[in-house]
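Chemist: What follows is query.tsv, TSV, C-alpha atoms.
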chain	number	residue	atom	x	y	z
A	1	MET	CA	167.97	66.46	60.55
A	2	ARG	CA	170.47	69.20	59.88
A	3	ILE	CA	171.30	69.89	56.23
A	4	LYS	CA	174.97	68.94	56.76
A	5	ASP	CA	173.99	65.61	58.34
A	6	LYS	CA	171.48	64.89	55.62
A	7	LYS	CA	174.10	65.53	52.92
A	8	ALA	CA	176.53	63.23	54.67
A	9	GLN	CA	173.89	60.52	54.86
A	10	CYS	CA	173.12	60.90	51.15
A	11	ASN	CA	176.78	60.59	50.31
A	12	GLU	CA	177.04	57.50	52.48
A	13	ASN	CA	173.94	55.96	50.94
A	14	GLY	CA	175.23	56.66	47.44
A	15	ARG	CA	178.59	54.99	48.04
A	16	GLU	CA	178.92	51.32	47.25
A	17	LYS	CA	179.53	49.31	50.39
A	18	ASN	CA	182.73	47.31	50.59
A	19	ALA	CA	183.01	43.79	52.04
A	20	LYS	CA	183.60	45.09	55.56
A	21	GLU	CA	180.56	47.34	55.53
A	22	LEU	CA	178.44	44.56	54.03
A	23	ALA	CA	179.45	42.32	56.91
A	24	MET	CA	178.46	45.08	59.34
A	25	ALA	CA	175.08	45.42	57.58
A	26	GLN	CA	174.48	41.68	58.00
A	27	HIS	CA	175.19	41.74	61.73
A	28	PRO	CA	172.02	41.11	63.81
A	29	GLY	CA	172.42	44.32	65.81
A	30	THR	CA	172.76	46.68	62.86
A	31	ARG	CA	169.08	46.92	61.99
A	32	PHE	CA	168.35	48.02	65.56
A	33	LEU	CA	171.18	50.50	65.55
A	34	ASN	CA	169.93	52.03	62.31
A	35	THR	CA	166.46	52.57	63.79
A	36	GLY	CA	167.76	53.88	67.09
A	37	LYS	CA	166.23	50.99	69.01
A	38	THR	CA	167.92	48.94	71.69
A	39	LEU	CA	168.08	45.18	71.41
A	40	HIS	CA	166.24	43.49	74.24
A	41	GLN	CA	165.39	40.07	75.68
A	42	SER	CA	162.52	39.33	73.30
A	43	VAL	CA	164.77	39.46	70.22
A	44	ASN	CA	166.38	36.22	69.02
A	45	ALA	CA	165.27	34.44	72.20
A	46	GLY	CA	167.65	36.63	74.17
A	47	LYS	CA	170.74	35.20	72.46
A	48	HIS	CA	172.08	38.47	71.09
A	49	LEU	CA	171.70	40.94	73.94
A	50	ALA	CA	175.04	42.56	73.12
A	51	ASP	CA	174.48	42.75	69.38
A	52	ASN	CA	173.56	46.42	69.20
A	53	GLN	CA	176.68	47.33	71.20
A	54	THR	CA	178.81	45.25	68.82
A	55	ALA	CA	177.20	47.02	65.87
A	56	LYS	CA	178.13	50.36	67.45
A	57	VAL	CA	181.73	49.21	67.77
A	58	MET	CA	181.74	48.09	64.14
A	59	LYS	CA	180.36	51.41	62.96
A	60	LYS	CA	182.93	53.32	65.03
A	61	LEU	CA	185.82	51.24	63.72
A	62	VAL	CA	184.79	51.70	60.09
A	63	ALA	CA	184.43	55.45	60.58
A	64	GLU	CA	187.77	55.59	62.36
A	65	GLY	CA	189.39	53.66	59.53
A	66	TYR	CA	188.17	56.09	56.90
A	67	ASP	CA	189.17	59.04	59.07
A	68	LEU	CA	192.69	57.70	59.58
A	69	GLN	CA	192.97	56.95	55.90
A	70	ALA	CA	192.06	60.53	55.03
A	71	HIS	CA	193.81	62.20	57.97
A	72	PRO	CA	196.72	60.15	59.34
A	73	LYS	CA	197.61	60.99	62.92
A	74	ALA	CA	200.67	63.10	63.55
A	75	VAL	CA	203.65	60.87	64.19
A	76	THR	CA	206.18	63.39	65.50
A	77	PRO	CA	204.78	63.96	69.04
A	78	LEU	CA	204.60	60.24	69.78
A	79	ILE	CA	208.01	59.53	68.26
A	80	ASN	CA	209.49	62.28	70.41
A	81	GLU	CA	207.94	60.69	73.49
A	82	LEU	CA	208.93	57.15	72.54
A	83	GLN	CA	212.51	57.75	71.46
A	84	PRO	CA	214.01	58.04	74.96
A	85	MET	CA	212.21	54.82	75.99
A	86	GLU	CA	212.86	52.64	72.95
A	87	SER	CA	216.08	51.12	74.25
A	88	ALA	CA	214.42	50.26	77.57
A	89	PHE	CA	211.61	48.44	75.77
A	90	LYS	CA	214.11	46.66	73.51
A	91	ILE	CA	216.18	45.40	76.44
A	92	SER	CA	213.15	44.38	78.50
A	93	ALA	CA	211.43	42.49	75.66
A	94	LYS	CA	214.55	40.69	74.41
A	95	GLY	CA	213.94	36.94	74.22
A	96	LYS	CA	210.48	37.25	75.76
A	97	LEU	CA	208.50	36.57	72.58
A	98	ASP	CA	209.71	32.98	72.81
A	99	VAL	CA	208.06	32.74	76.23
A	100	LEU	CA	204.71	33.90	74.85
A	101	THR	CA	204.91	31.50	71.89
A	102	GLN	CA	205.84	28.46	73.98
A	103	PRO	CA	203.48	25.55	73.26
A	104	VAL	CA	200.43	25.40	75.51
A	105	ALA	CA	198.15	22.33	75.64
A	106	LEU	CA	194.92	22.14	77.64
A	107	HIS	CA	192.23	19.48	77.89
A	108	ILE	CA	188.64	20.68	78.09
A	109	LYS	CA	185.74	18.75	79.59
A	110	ALA	CA	182.60	20.68	78.69
A	111	GLY	CA	179.99	20.85	81.44
A	112	ASP	CA	176.71	22.57	82.17
A	113	ASN	CA	178.49	24.99	84.51
A	114	GLY	CA	181.39	25.83	82.22
A	115	ASN	CA	184.57	24.15	81.10
A	116	VAL	CA	186.68	21.96	83.35
A	117	ILE	CA	190.25	22.65	82.27
A	118	THR	CA	193.29	20.47	82.88
A	119	LEU	CA	196.87	21.04	81.80
A	120	LYS	CA	198.48	18.69	79.32
A	121	ALA	CA	202.14	18.18	78.56
A	122	ALA	CA	202.94	20.30	75.51
A	123	ALA	CA	205.52	18.78	73.20
A	124	ASN	CA	208.21	20.87	71.50
A	125	LEU	CA	207.81	19.78	67.90
A	126	THR	CA	209.43	20.79	64.66
A	127	GLU	CA	207.09	22.25	62.05
A	128	GLN	CA	207.00	18.98	60.12
A	129	GLN	CA	206.31	16.98	63.29
A	130	TRP	CA	203.56	19.44	64.14
A	131	LEU	CA	201.97	18.97	60.72
A	132	ARG	CA	201.97	15.18	61.07
A	133	GLU	CA	200.47	15.48	64.55
A	134	ASN	CA	197.72	17.95	63.64
A	135	ASP	CA	196.70	17.22	60.04
A	136	LYS	CA	193.81	15.02	61.16
A	137	PRO	CA	190.00	15.10	60.88
A	138	GLY	CA	188.35	17.02	63.71
A	139	ASN	CA	191.23	19.45	64.17
A	140	PHE	CA	190.67	23.18	63.62
A	141	LEU	CA	193.17	26.02	63.36
A	142	VAL	CA	191.59	29.32	64.46
A	143	LEU	CA	193.10	32.56	63.17
A	144	ASN	CA	191.96	35.43	65.38
A	145	GLY	CA	191.73	38.92	63.91
A	146	ASN	CA	194.82	41.11	63.81
A	147	ASN	CA	196.86	43.01	61.23
A	148	ASP	CA	200.00	40.88	61.40
A	149	GLU	CA	199.89	39.34	57.96
A	150	THR	CA	203.50	38.22	58.44
A	151	TYR	CA	202.18	35.72	60.98
A	152	VAL	CA	199.12	34.72	58.96
A	153	THR	CA	201.25	34.15	55.87
A	154	HIS	CA	203.68	32.01	57.89
A	155	ILE	CA	200.77	29.85	59.03
A	156	ALA	CA	199.35	29.64	55.51
A	157	LYS	CA	202.68	28.56	54.04
A	158	LEU	CA	203.12	25.90	56.70
A	159	ALA	CA	199.58	24.51	56.61
A	160	GLY	CA	198.71	25.11	52.95
A	161	SER	CA	199.39	21.51	51.98
A	162	THR	CA	197.38	19.90	54.77
A	163	GLN	CA	194.71	17.38	53.81
A	164	HIS	CA	192.45	17.21	56.87
A	165	LEU	CA	193.14	20.26	59.06
A	166	GLN	CA	190.30	22.78	58.89
A	167	PHE	CA	190.48	26.53	59.45
A	168	ILE	CA	188.30	29.17	61.11
A	169	THR	CA	189.12	32.82	60.43
A	170	SER	CA	187.55	35.15	62.98
A	171	GLY	CA	187.50	38.93	63.09
A	172	PHE	CA	185.69	42.02	61.84
A	173	GLY	CA	188.70	44.28	62.09
A	174	GLY	CA	189.58	47.06	64.42
A	175	HIS	CA	192.72	48.36	66.01
A	176	GLY	CA	195.96	46.90	64.78
A	177	THR	CA	198.41	44.94	66.85
A	178	THR	CA	201.72	46.11	65.38
A	179	ASP	CA	202.87	48.60	62.79
A	180	ARG	CA	203.54	45.67	60.48
A	181	HIS	CA	200.78	46.15	57.91
A	182	PRO	CA	198.15	48.80	57.15
A	183	ILE	CA	194.68	48.00	58.44
A	184	ALA	CA	192.19	47.45	55.65
A	185	VAL	CA	189.06	49.54	55.65
A	186	ASN	CA	187.53	47.46	52.89
A	187	GLN	CA	187.86	43.90	54.22
A	188	THR	CA	187.13	42.04	57.40
A	189	GLU	CA	190.07	40.32	59.01
A	190	ALA	CA	188.28	37.01	58.53
A	191	GLY	CA	187.88	37.65	54.80
A	192	ARG	CA	191.45	38.83	54.34
A	193	PHE	CA	192.86	35.81	56.19
A	194	LYS	CA	190.77	33.49	54.04
A	195	GLU	CA	192.29	35.09	50.94
A	196	ILE	CA	195.80	34.52	52.29
A	197	LEU	CA	195.08	30.88	53.16
A	198	ILE	CA	193.62	30.19	49.72
A	199	SER	CA	196.59	31.88	48.02
A	200	HIS	CA	198.86	29.32	49.69
A	201	GLY	CA	196.90	26.24	48.74
A	202	VAL	CA	194.16	25.84	51.35
A	203	THR	CA	190.88	24.96	49.62
A	204	ALA	CA	187.93	27.22	50.36
A	205	ASP	CA	185.76	24.34	51.56
A	206	LYS	CA	188.08	23.86	54.55
A	207	ILE	CA	187.76	27.48	55.72
A	208	TYR	CA	184.92	28.78	57.91
A	209	THR	CA	184.59	32.49	58.58
A	210	ASP	CA	183.30	34.70	61.38
A	211	HIS	CA	183.16	38.30	60.15
A	212	PHE	CA	181.65	39.82	63.29
A	213	SER	CA	184.11	39.58	66.21
A	214	THR	CA	185.72	42.76	67.53
A	215	ASN	CA	187.56	41.31	70.57
A	216	SER	CA	188.96	38.02	71.89
A	217	GLY	CA	185.85	37.17	73.89
A	218	GLN	CA	183.66	37.51	70.81
A	219	ASN	CA	186.15	35.43	68.84
A	220	SER	CA	185.59	32.53	71.22
A	221	ILE	CA	181.79	32.96	71.25
A	222	ASN	CA	181.41	33.08	67.49
A	223	VAL	CA	183.90	30.27	66.88
A	224	ALA	CA	181.91	28.19	69.38
A	225	TYR	CA	178.78	28.58	67.25
A	226	ILE	CA	180.65	27.51	64.11
A	227	LEU	CA	181.86	24.39	65.93
A	228	ASP	CA	178.39	23.87	67.38
A	229	ASN	CA	176.89	23.55	63.91
A	230	MET	CA	179.43	20.91	62.98
A	231	ILE	CA	178.91	18.92	66.15
A	232	ARG	CA	175.15	18.91	65.56
A	233	GLU	CA	175.92	17.43	62.14
A	234	ASN	CA	177.92	14.66	63.87
A	235	LYS	CA	181.25	16.00	62.65
A	236	PRO	CA	184.21	15.46	64.99
A	237	CYS	CA	185.68	18.22	67.13
A	238	ASN	CA	188.89	16.95	68.69
A	239	LYS	CA	191.32	19.83	68.87
A	240	ILE	CA	191.17	23.62	68.47
A	241	ILE	CA	194.53	25.28	67.74
A	242	ILE	CA	194.66	29.00	68.50
A	243	ALA	CA	196.63	31.58	66.50
A	244	GLY	CA	196.37	35.33	67.03
A	245	THR	CA	199.65	37.16	66.89
A	246	PRO	CA	202.87	35.70	68.32
A	247	ALA	CA	202.66	37.98	71.37
A	248	ALA	CA	198.94	37.41	71.97
A	249	VAL	CA	198.65	33.67	71.29
A	250	PHE	CA	199.44	32.73	74.89
A	251	ARG	CA	196.63	34.83	76.37
A	252	GLN	CA	194.17	33.97	73.61
A	253	THR	CA	194.70	30.23	74.09
A	254	TYR	CA	193.70	30.54	77.73
A	255	THR	CA	190.82	32.84	76.77
A	256	TYR	CA	189.41	30.11	74.55
A	257	ALA	CA	189.89	27.49	77.25
A	258	GLN	CA	187.84	29.61	79.63
A	259	GLN	CA	185.24	31.00	77.25
A	260	LEU	CA	184.76	28.49	74.42
A	261	ASN	CA	181.33	27.23	75.49
A	262	ILE	CA	179.79	25.17	72.70
A	263	PRO	CA	175.97	25.24	72.91
A	264	ALA	CA	175.51	21.60	71.84
A	265	TYR	CA	177.43	20.58	74.96
A	266	ALA	CA	175.10	22.48	77.28
A	267	LYS	CA	172.29	20.59	78.95
A	268	GLY	CA	168.90	21.26	77.39
A	269	ASP	CA	170.15	23.61	74.70
A	270	GLY	CA	168.26	23.34	71.44
A	271	ASP	CA	168.31	24.75	67.95
A	272	GLU	CA	166.60	27.93	66.77
A	273	THR	CA	163.20	26.21	66.78
A	274	GLY	CA	163.65	25.12	70.38
A	275	THR	CA	164.15	21.48	69.44
A	276	PRO	CA	166.63	19.87	71.84
A	277	PRO	CA	169.71	18.36	70.20
A	278	ALA	CA	170.26	14.63	70.07
A	279	PRO	CA	171.85	13.47	73.34
A	280	ILE	CA	175.62	13.76	73.35
A	281	ARG	CA	177.55	11.23	75.37
A	282	GLU	CA	179.56	12.65	78.26
A	283	SER	CA	182.65	10.97	76.82
A	284	ASP	CA	182.24	13.06	73.65
A	285	LYS	CA	182.03	16.39	75.49
A	286	GLN	CA	185.77	16.86	75.58
A	287	PHE	CA	188.42	18.25	73.31
A	288	ASP	CA	191.87	19.84	73.41
A	289	ILE	CA	192.87	23.47	73.00
A	290	GLU	CA	196.44	24.22	72.00
A	291	SER	CA	198.43	27.25	70.94
A	292	PHE	CA	200.05	27.56	67.53
A	293	PRO	CA	203.68	27.31	68.69
A	294	PHE	CA	205.73	28.85	65.88
A	295	ALA	CA	206.89	32.36	65.05
A	296	ASP	CA	210.00	33.80	63.48
A	297	SER	CA	211.29	35.99	66.30
A	298	ALA	CA	213.84	37.61	64.00
A	299	GLN	CA	211.01	39.36	62.17
A	300	TYR	CA	209.65	41.01	65.33
A	301	THR	CA	212.16	43.72	66.13
A	302	THR	CA	210.31	47.05	65.91
A	303	THR	CA	209.39	49.18	68.91
A	304	ALA	CA	205.77	48.22	68.34
A	305	ASP	CA	206.75	44.54	68.55
A	306	ASP	CA	208.64	45.14	71.80
A	307	LEU	CA	205.66	46.98	73.25
A	308	ALA	CA	203.30	44.21	72.11
A	309	VAL	CA	205.31	41.72	74.16
A	310	LEU	CA	205.47	43.91	77.26
A	311	ARG	CA	201.80	44.79	76.97
A	312	GLU	CA	200.82	41.13	76.75
A	313	PHE	CA	202.61	40.32	80.00
A	314	SER	CA	200.92	43.21	81.82
A	315	THR	CA	197.50	42.65	80.22
A	316	THR	CA	197.51	38.95	81.04
A	317	LEU	CA	198.37	39.74	84.66
A	318	ASN	CA	195.62	42.36	84.73
A	319	TYR	CA	193.06	39.92	83.33
A	320	MET	CA	194.11	37.28	85.86
A	321	ALA	CA	193.78	39.75	88.72
A	322	THR	CA	190.61	41.62	87.79
A	323	THR	CA	188.47	39.61	85.35
A	324	ALA	CA	187.00	36.18	84.68
A	325	PHE	CA	188.30	36.20	81.08
A	326	LEU	CA	191.01	33.63	81.90
A	327	PRO	CA	190.94	30.41	83.96
A	328	GLY	CA	190.86	31.04	87.69
A	329	ASP	CA	193.19	28.13	88.41
A	330	LYS	CA	196.66	29.70	88.15
A	331	THR	CA	198.35	26.28	88.23
A	332	LEU	CA	197.30	25.97	84.58
A	333	PHE	CA	199.81	28.69	83.69
A	334	PRO	CA	203.52	27.76	83.42
A	335	ASP	CA	205.88	29.19	86.03
A	336	SER	CA	207.97	30.56	83.16
A	337	PHE	CA	205.21	33.04	82.36
A	338	PHE	CA	205.20	34.56	85.86
A	339	HIS	CA	209.00	34.68	86.12
A	340	ASN	CA	209.37	36.36	82.74
A	341	ALA	CA	206.49	38.77	83.36
A	342	VAL	CA	208.20	39.97	86.54
A	343	GLU	CA	211.62	40.07	84.90
A	344	SER	CA	210.47	42.08	81.88
A	345	ILE	CA	208.48	44.61	83.93
A	346	GLN	CA	211.23	45.01	86.53
A	347	MET	CA	213.80	45.46	83.75
A	348	THR	CA	211.63	48.14	82.15
A	349	ALA	CA	211.56	50.05	85.44
A	350	LEU	CA	215.33	49.67	85.88
A	351	GLN	CA	216.04	51.02	82.39
A	352	LEU	CA	213.50	53.86	82.47
A	353	GLU	CA	214.65	55.25	85.79
A	354	LYS	CA	218.09	55.93	84.30
A	355	ASP	CA	216.59	58.96	82.53
A	356	ALA	CA	215.57	61.80	84.86
A	357	GLY	CA	213.21	63.21	82.24
A	358	ILE	CA	211.35	59.91	81.96
A	359	VAL	CA	211.17	59.63	85.75
A	360	ALA	CA	209.68	63.12	85.93
A	361	ARG	CA	206.91	62.11	83.50
A	362	HIS	CA	206.34	58.49	84.49
A	363	GLY	CA	207.57	58.21	88.09
A	364	ASP	CA	204.30	56.73	89.37
A	365	ASN	CA	204.28	54.09	86.63
A	366	ILE	CA	207.93	53.16	87.29
A	367	ALA	CA	207.17	52.82	91.00
A	368	ALA	CA	204.24	50.52	90.17
A	369	MET	CA	206.48	48.39	87.94
A	370	LYS	CA	208.92	47.88	90.79
A	371	GLU	CA	206.08	46.44	92.89
A	372	ILE	CA	205.46	43.64	90.35
A	373	THR	CA	207.51	41.00	92.18
A	374	MET	CA	207.52	37.23	92.61
A	375	ASP	CA	206.00	37.78	96.05
A	376	MET	CA	203.09	39.49	94.30
A	377	MET	CA	202.87	36.54	91.86
A	378	ALA	CA	202.56	34.21	94.85
A	379	ARG	CA	199.62	36.28	96.11
A	380	LEU	CA	198.11	36.28	92.61
A	381	LYS	CA	198.30	32.49	92.47
A	382	ASN	CA	196.72	32.21	95.92
A	383	ASP	CA	193.99	34.79	95.21
A	384	THR	CA	195.26	36.99	98.05
A	385	LEU	CA	196.18	40.13	96.11
A	386	THR	CA	195.88	43.36	98.08
A	387	GLU	CA	194.14	46.47	96.81
A	388	SER	CA	197.60	47.99	96.37
A	389	ASP	CA	198.67	44.98	94.27
A	390	ILE	CA	195.68	45.35	91.97
A	391	SER	CA	196.20	49.09	91.66
A	392	ASN	CA	199.84	48.56	90.64
A	393	ILE	CA	198.97	45.87	88.08
A	394	LYS	CA	196.34	48.12	86.51
A	395	LYS	CA	198.71	51.08	86.44
A	396	VAL	CA	201.45	49.10	84.68
A	397	ASP	CA	199.02	47.68	82.15
A	398	SER	CA	197.61	51.13	81.44
A	399	PHE	CA	201.13	52.48	80.88
A	400	PHE	CA	201.99	49.93	78.19
A	401	ARG	CA	198.51	49.90	76.69
A	402	ASN	CA	198.24	53.69	76.36
A	403	ILE	CA	201.53	53.97	74.51
A	404	PHE	CA	200.83	50.95	72.34
A	405	ASN	CA	197.31	52.00	71.39
A	406	ARG	CA	198.55	55.40	70.25
A	407	LEU	CA	201.42	53.85	68.31
A	408	GLU	CA	199.13	51.64	66.23
A	409	LEU	CA	197.19	54.69	65.05
A	410	THR	CA	200.21	56.49	63.61
A	411	PHE	CA	200.27	54.64	60.30
A	412	LYS	CA	197.90	55.27	57.43
A	413	ARG	CA	195.05	52.85	57.03
A	414	SER	CA	194.75	52.05	53.35
A	415	ASN	CA	192.81	49.65	51.17
A	416	LEU	CA	194.51	46.33	50.52
Do you think you could lay out the structure here as structure tokens?
Modeler:
Amino acid sequence: MRIKDKKAQCNENGREKNAKELAMAQHPGTRFLNTGKTLHQSVNAGKHLADNQTAKVMKKLVAEGYDLQAHPKAVTPLINELQPMESAFKISAKGKLDVLTQPVALHIKAGDNGNVITLKAAANLTEQQWLRENDKPGNFLVLNGNNDETYVTHIAKLAGSTQHLQFITSGFGGHGTTDRHPIAVNQTEAGRFKEILISHGVTADKIYTDHFSTNSGQNSINVAYILDNMIRENKPCNKIIIAGTPAAVFRQTYTYAQQLNIPAYAKGDGDETGTPPAPIRESDKQFDIESFPFADSAQYTTTADDLAVLREFSTTLNYMATTAFLPGDKTLFPDSFFHNAVESIQMTALQLEKDAGIVARHGDNIAAMKEITMDMMARLKNDTLTESDISNIKKVDSFFRNIFNRLELTFKRSNL
């Protein structure tokens, strides 16, 4: 080991670990990462094959957090690039957050070959009506990791007085989602959210935490294991309510519907000793997944908020077209989503092409945006997208994602 590396390791070893780093140390993949070994099938009965990769992501995110805290990224170059486009994003995103926060209700029938998903009518309720409807045993509100504490605090204030609703906070912490709050380098998202819930009256015994998730797919996997433990203890699981950020809650609700596979509902699955669970009646292998349907749109007016909305439309389309992250049955998605996705992307193209300088830099992306049409949505719904369609969807998503990802790294990460 080089002297410089050895000194750095000594400094690291001598520093007291914070809650986030302790969570990383407890993750099953970390001990393999520290020894340079790769996790393989023989470990944990093959249940954690991706654990060492997750540990690598955790380690990278912690290091990035400290680096950004010590050396904030230069803001001026990005601001100079964004400024000519800000009005286009503002116009294109106007009113669209309400589309992404519309109530979504899905019924899940768990099966050995995955979830069977059906669409339910989603009621438009006031906050007090929603509380009366959802403050019941067997209902869980899941808060997925993000740095939008405005949203988390809104949820905590609304649900702080509930008697029966239970909470699951899920997230290690990584990239932010808006420029709303600094990203903590000393706390997991799950731990921070638990603090906020408790500060508004939720008792700690009603909060379950997952400190390990670094993306939406892992959120659903780790939440499934929390629910699995309760089901094995004969506790009810009737409804899972998904909250992420206002822009992301639509996509994340469908992600959970597709990927929330609870082990106790799988045929022949047993506990860690290999003992099969007690038989579960087919009639009990069903539950509802709904989105948390409230957000104060007036608080989401920054350029980062506008980009978050536009990125969610393009990312959701990309996931539909190129992945199995979301349900394959497009009839489960409301028509309003497709219409507004096309409208917002087309409007972005229309506004951007007014500036010759922007066209010179982003002409290919603008051309791709103009190809996102309702005719393309019809092909998406029918699974008949062309290679050109897929290329254009990817290009548009990359455009919004690349700008957004750089924007979220321009603020200083500081301890909370």
Chemist: Closest to Tyr151 in chain A among A:Asp375, A:Asp296, A:Glu64, A:Glu86, using all atoms listed in the file?
Modeler: A:Asp296
Chemist: Pick out the residues sitting within 9 Å of range 338-346 of chain A, and hand them over as a count of residues only; count all atoms listed in the file, and ignore anything fewer than 5 positions along from it in its own chain.
Modeler: 22
Chemist: CA of Leu141 in chain A to CA of His211 in chain A: how many Å, to one decimal?
Modeler: 16.2 Å
Chemist: Smallest atom-to-atom distance to Leu131 in chain A: which of A:Ser161, A:Asn318, A:Ser199, A:Gln69, using only C-alpha atoms?
Modeler: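 Under the stated criterion, the closest residue is A:Ser161.
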Chemist: Please list as an MDAnalysis selection string every residue within 6 Å of Ile242 in chain A, counting all atoms listed in the file and excluding residues in the same chain fewer than 5 positions away.
Modeler: chainID A and resid 142 253 291:292
Chemist: Of the candidates A:Thr101, A:Ser170, A:Asn261, A:Thr315, which shows the shortest atom-to-atom distance to Phe287 in chain A, using only C-alpha atoms?
Modeler: A:Asn261
Chemist: So which one's closest to Ile79 in chain A, A:Ile207, A:Val223, A:Val152, A:Ala304? Using all atoms listed in the file, please.
Modeler: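 Once distances to Ile79 in chain A are computed over all atoms listed in the file, the minimum belongs to A:Ala304.
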Chemist: Hey, which of A:Asn234, A:Thr203, A:Gln102, A:Gln128 ends up closest to Leu158 in chain A? Count all atoms listed in the file.
Modeler: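 Looking at the shortest contact to Leu158 in chain A, the residue is A:Gln128.
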Chemist: Output as lines of an AutoDock Vina configuration file the centre and edge lengths (Å, one decimal) of the box along x, y and z of the file that holds every listed atom of range 279-289 of chain A after adding 5 Å on each side.
Modeler:
center_x = 182.4
center_y = 17.2
center_z = 75.6
size_x = 31.0
size_y = 22.5
size_z = 15.3
Chemist: Near Trp130 in chain A, within 12 Å and counting all atoms listed in the file, which residues show up once chain neighbours fewer than 3 positions away are dropped, as a list in words?
Modeler: Pro103, Ala122, Ala123, Asn124, Leu125, Thr126, Glu127, Glu133, Asn134, Asp135, Lys136, Ile155, Leu158, Ala159, Thr162, Leu165, Ile241, Glu290, Ser291, Phe292, Pro293 and Phe294 of chain A
Chemist: Write out as a PyMOL selection string the residues lying within 8 Å of Glu189 in chain A, counting all atoms listed in the file and excluding same-chain residues fewer than 4 positions away.
Modeler: chain A and resi 145-147+169-173+193+211
Chemist: For CA of Leu78 in chain A and CA of Ser216 in chain A, quote the distance in Å rounded to one decimal.
Modeler: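 Here the two named atoms are 27.3 Å from each other.
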Chemist: Can you list, as an NGL selection string, every protein, DNA or RNA residue that comes within 9 Å of Met320 in chain A when you count only C-alpha atoms, leaving out same-chain residues fewer than 6 positions away?
Modeler: :A and (326-328 or 330 or 380)
